[in-house]
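Participant: Quick one: the structure is below, questions incoming.
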Amino acid sequence: MTTTTPIEQGSEESLTNTDEHHQDHRMFGLATFLVADGMTFAGFFAAYLTFRAVNPLMPDAIYELELPLPTINTVLLLVSSATFHRAGQALKRSESARCQRWLLITAGLGIAFLASQMVEYFTLPFGLTDNLYASTFYAVTGFHGLHVTLGAIMILIVWWQSRSPGGRITSHNQFPLEAAELYWHFVDGIWVILFIILYLL
Amino acid sequence: MTIAIPPSDNQHAERLQPTGWLRYFSFSVDHKVIGLQYLVCGFIFYLIGGLLAGAIRIELTSPISDFMPRDVYNQVLTLHGTIMIFLWIVPVINGAFGNYLIPFYVGARDMAFPRLNAVAFWMIPPAGLMLISSYFITGAAQSGWTAYPPLSTTTPAAGQIIWILSVLFLGGSSIFGGINFIATILKMRRPGLKLMQLPMYCWAMLGTSILVVLSTPVLAGTLILLSFDIVAHTGFFNPSMGGNAVVYQHLFWFYSHPAVYIMVLPAFGLVSEILPVHCRKPLFGYVTMVYSIMAIVVLGLVVWAHHMFTSGTPPWMRLFFTIATSFIAVPTGIKFFNWLATLWGGRITLNSAVLFSCGFILNFVFGGITGVALAQVPFDIHVHDTYFVVAHFHYIVYGGSVFVIFASIYHWYPKFTGRMLNEDLGRLHFLLTFVGFNLCFAPQHWLGLYGMPRRVAEYDPQFAFVNQLSSVGALLMAISTLPFLFNVVQSAFKGRIAGDNPWNALTPEWLTSSPPPVENWTGEAPLVTEPYGYGVPADQLDLAATSGRDLWTNGQ
């Protein structure tokens with residue numbers, strides 16, 4: 001992901017006033033942002049774990065999670081990370097068609113994850129305001145689902161822009177794809193932590 | 001193949017953007033324009049926050065609630081705290097001076113992400129206006145700047161939701177700014193410039209930005225949960241629904257204690273820039289300064305629960321947070337003695353910038369001592385939520401940060417505008433501010449020790465005289481703004497021409513014209529490896545040799 005091609009200083013006339021090369025630090029900035037984003041999740045997880053530790057569930061409260069569906073979800077996301085990686089590799093080898101195919105598969109897996117999450121929401125025996133754990137469950141998974149939604153939209157945009165021959169995303173400009181890929185891996189990593197904390201613990 | 005237009009494509013930018021005074025109202029990507037936008041915008045909010053503080057002090061001149069209704073008093077104190085922290089000190093001491101100075105200090109033409117920078121600034125005015133307009137539309141939030149539940153969940157919801165939204169916006173702006181500073185300081189340094197050669201303000205901003213990036217998102221998450229409690233009636237922080245109000249306090253202070261360092265670390269950096277120039281001595285103990293900043297960053301993240309000693313914290317937690325908080329006094333003390341050693345034996349010019357810096361050192365050491373006192377559990381339980389805390393906090397953020405903001409304005413105004421400020425008016429401003437500030441807040445220690453609670457419009461009549469004394473001090477502070485405002489406006493048009501380097505300073509921002517050209521230097525950026533290389537008589541000072549190039553051929 002760190003193989004971003006340096007920005008080419010296109011036209012010579014823009015160099016009259018400056019002899020320096022403004023390097024591309026966008027991936028660094030994105031990584032810093034993801035650290036911040038990760039801290040938001042860390043806050044949610046800390047709140048959930050504290051609730052678990054000091055606030056026992058009320059006797060009549062219903063809070064039961066089924067494992068099969070979220071396990072499938074975990075597999076979906078992990079596979080999508082791998083397919084996104086394949087898309088990036090294909091782009092580096094300038095295999096545009098193959099890259100687009102892998103991008104579409106990745107987006108499809110992301111949307112499948114969201115659909116599966118929706119199914120889980122509607123089959124769970126508790127609602128948002130039923131009890132403390134239920135509220136926290138919906139807040140945390142909902143915030144993660146928002147990230148997946150944004151990521152899926154980004155993948156589709158990247159796919160769209162890599163379609164036309166003169167499009168913005170080529171083997172010379174991989175930044176949008178690399179940025180979306182880093183973000184997607186981040187969202188997957190957060191899901192794995194979320195899965196362990198919310199479902200397994 | 002030019003896919004992403006590089007920010008240094010300045011000809012393009014110059015063509016598109018207005019060049020006169022209008023550029024200060026535009027979506028400019030020039031870091032100097034953005035810095036001044038932060039400064040002026042923040043100062044306008046400072047005036048509004050100051051009016052609110054005046055309203056509080058008028059109410060407190062008499063023991064009964066006679067100047068305004070009690071719920072209005074709650075709104076006023078909430079707005080005062082929120083505006084002063086999120087719209088004045090944080091944006092100005094980080095955004096204004098950081099954006100103006102950091103690219104100079106690292107030898108860059110602009111910040112790493114100029115457009116993100118402009119976005120971060122332009123999030124502030126709408127958020128601030130939204131916050132203030134809530135007072136007129138629905139009634140502002142009433143739960144103080146801490147917004148503790150159950151206070152925030154039982155007071156009128158509309159004002160509280162608007163408060164949450166605007167703080168989320170301001171937090172987002174702060175995070176974008178922090179990302180930009182980290183990338184600029186670590187990645188945009190001029191080739192040949194090493195980290196340990198950077199001016200101290202860079203280190204302060206690096207530490208501050210790490211705190212911003214690590215802690216602000218936690219506040220955002222917390223406020224999202226709080227808004228769920230208010231809007232969707234969940235029970236995260238509502239004990240009657242199985243929730244836990246203390247968890248809010250933990251998450252809130254995980255941001256808001258570092259927020260104090262976000263407001264004060266840049267002040268440390270700015271003072272470290274100002275003192276060596278006007279004392280004609282190198283900054284004492286550069287390396288220890290750097291390590292103590294980083295120690296404050298690390299320790300600052302693990303002391304938050306000292307705000308919560310009365311919230312049923314278990315004994316081990318009290319012990320840990322008392323010890324951790326006391327440890328912070330060590331790096332802070334190192335910095336304090338380094339400044340004294342910088343002043344010691346220097347050829348000090350007692351101008352307004354130095355007066356405000358020395359005022360800062362005095363006030364801050366006093367606020368620091370009461371801070372260590374507040375970290376001790378037995379004492380803290382006695383004075384928790386009293387005016388002692390108010391006094392301590394204002395000694396840190398006003399006596400500390402705001403004094404440094406004024407010192408910095410006096411120091412860098414010639415660079416901003418090309419004209420000098422009037423020195424006599426500056427000294428009058430310092431005198432009024434220093435006397436007014438201490439008269440306003442020193443008596444509040446006494447009030448707190450005798451048990452006057454904060455955030456209440458009425459109090460026991462025995463406190464009336466000390467409160468009136470405090471209000472007189474507040475009046476002096478309000479008056480002190482007048483010579484400053486007059487000075488700044490008049491000098492912008494009629495002030496003495498400053499020239500490029502009126503202080504004979506060595507840091508890179510002075511090695512170009514005043515005000516600087518769009519890309520900071522008309523030629524190559526200077527390589528300043530010894531930003532504090534003073535200590536020789538002024539007539540023997542070889543600026544060109546110290547900075548490694550001929551300064552005056554390209555700068556003018």
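Chain labels A, B, ... are given in the sequence in which chains occur in the structure tokens; within each chain residues are numbered consecutively from 1, and ligands are likewise numbered from 1 in the order shown.
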So that I can check the surroundings of Met289 in chain B, please list as a PyMOL selection string every protein, DNA and RNA residue that reaches within 10 Å of it, counting only C-alpha atoms and ignoring chain neighbours fewer than 5 positions away.
Facilitator: chain B and resi 200+203-204+268-269+272+283-284+294-295+331-332+334-336+338-339
Participant: Would you write out those residues with C-alpha atoms, as a compact mmCIF listing (two decimals), in the first residue's frame?
Facilitator:
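Dumped everything to out36.txt:
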```
# COMPACT_ATOMS: atom_id res chain seq x y z
CA MET B 200 10.54 24.33 20.04
CA TRP B 203 7.78 19.96 19.06
CA ALA B 204 4.95 21.48 21.08
CA PHE B 268 4.90 26.45 26.10
CA GLY B 269 6.23 26.31 22.55
CA SER B 272 10.10 29.20 24.06
CA LEU B 283 16.95 28.62 24.72
CA PHE B 284 18.19 26.86 27.83
CA MET B 294 6.82 14.20 25.09
CA ALA B 295 6.61 13.14 28.74
CA PRO B 331 8.39 17.76 33.16
CA THR B 332 6.40 20.97 33.66
CA ILE B 334 11.77 21.34 34.02
CA LYS B 335 10.26 23.64 31.41
CA PHE B 336 9.62 26.33 34.00
CA ASN B 338 14.48 26.24 31.61
CA TRP B 339 12.60 29.49 30.90
```
Participant: With only C-alpha atoms as the counted atoms, please give the residues lying no more than 9 Å from range 68-81 of chain A, apart from itself and same-chain residues fewer than 4 positions off, as a list of chain:residue names.
Facilitator: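 Residues meeting the cut-off are A:His85, A:Arg86, A:Ile105, A:Thr106, A:Ala107, A:Gly108, A:Leu109, A:Gly110, A:Ala112, A:Phe113, A:Leu114, A:Ser116, A:Gln117, A:Val119, A:Glu120, A:Glu181, A:Trp184, A:His185, A:Val187, A:Asp188, A:Gly189, A:Trp191, A:Val192, A:Phe195, A:Tyr199.
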Participant: Tell me which protein, DNA and RNA residues are within 7 Å of range 124-130 of chain A, counting only C-alpha atoms, leaving out same-chain ones fewer than 4 positions away, and put them as a list in words.
Facilitator: Ile62, Tyr63, Glu120, Ala134, Ser135 and Tyr138 of chain A; His233 and Thr234 of chain B
Participant: What would the file look like if the residues just selected were written as a tab-separated table (two decimals), in the first residue's frame with N, CA and C atoms?
Facilitator:
```
chain	number	residue	atom	x	y	z
A	62	ILE	N	-33.51	-9.24	27.94
A	62	ILE	CA	-33.19	-10.25	26.93
A	62	ILE	C	-32.00	-9.75	26.12
A	63	TYR	N	-30.92	-10.49	26.17
A	63	TYR	CA	-29.76	-10.12	25.35
A	63	TYR	C	-29.05	-11.40	24.94
A	120	GLU	N	-29.69	-9.94	10.48
A	120	GLU	CA	-29.45	-10.18	11.90
A	120	GLU	C	-30.24	-9.19	12.75
A	134	ALA	N	-28.15	-4.09	24.77
A	134	ALA	CA	-28.76	-4.00	23.45
A	134	ALA	C	-28.42	-2.66	22.80
A	135	SER	N	-28.55	-1.56	23.58
A	135	SER	CA	-28.23	-0.24	23.04
A	135	SER	C	-26.79	-0.20	22.57
A	138	TYR	N	-26.23	-2.20	19.31
A	138	TYR	CA	-26.68	-1.51	18.09
A	138	TYR	C	-25.80	-0.31	17.77
B	233	HIS	N	-33.73	7.99	23.62
B	233	HIS	CA	-34.07	7.49	24.96
B	233	HIS	C	-33.45	6.14	25.24
B	234	THR	N	-32.22	5.94	24.80
B	234	THR	CA	-31.47	4.80	25.29
B	234	THR	C	-30.99	5.11	26.70
```
Participant: Here is a test: counting only C-alpha atoms, which residue of A:Thr141, A:Thr136, A:Lys92, A:Ala42 is nearest to Asp229 in chain B?
Facilitator: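 That would be A:Thr136, the residue with the smallest distance to Asp229 in chain B.
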Participant: Suppose you want the space between CA of Tyr46 in chain B and CA of Val389 in chain B; what is it in Å?
Facilitator: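 Interatomic distance here is 21.4 Å.
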Participant: Residues of range 1-197 of chain A in helix (DSSP H, G or I) according to DSSP, as a PyMOL selection string?
Facilitator: chain A and resi 12-15+26-54+68-92+96-123+132-161+175-197
Participant: Mind giving me the straight-line distance from CA of Lys194 in chain B to CA of Thr529 in chain B in Å, one decimal?
Facilitator: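 Computing the Euclidean distance for CA of Lys194 in chain B and CA of Thr529 in chain B yields 7.9 Å.
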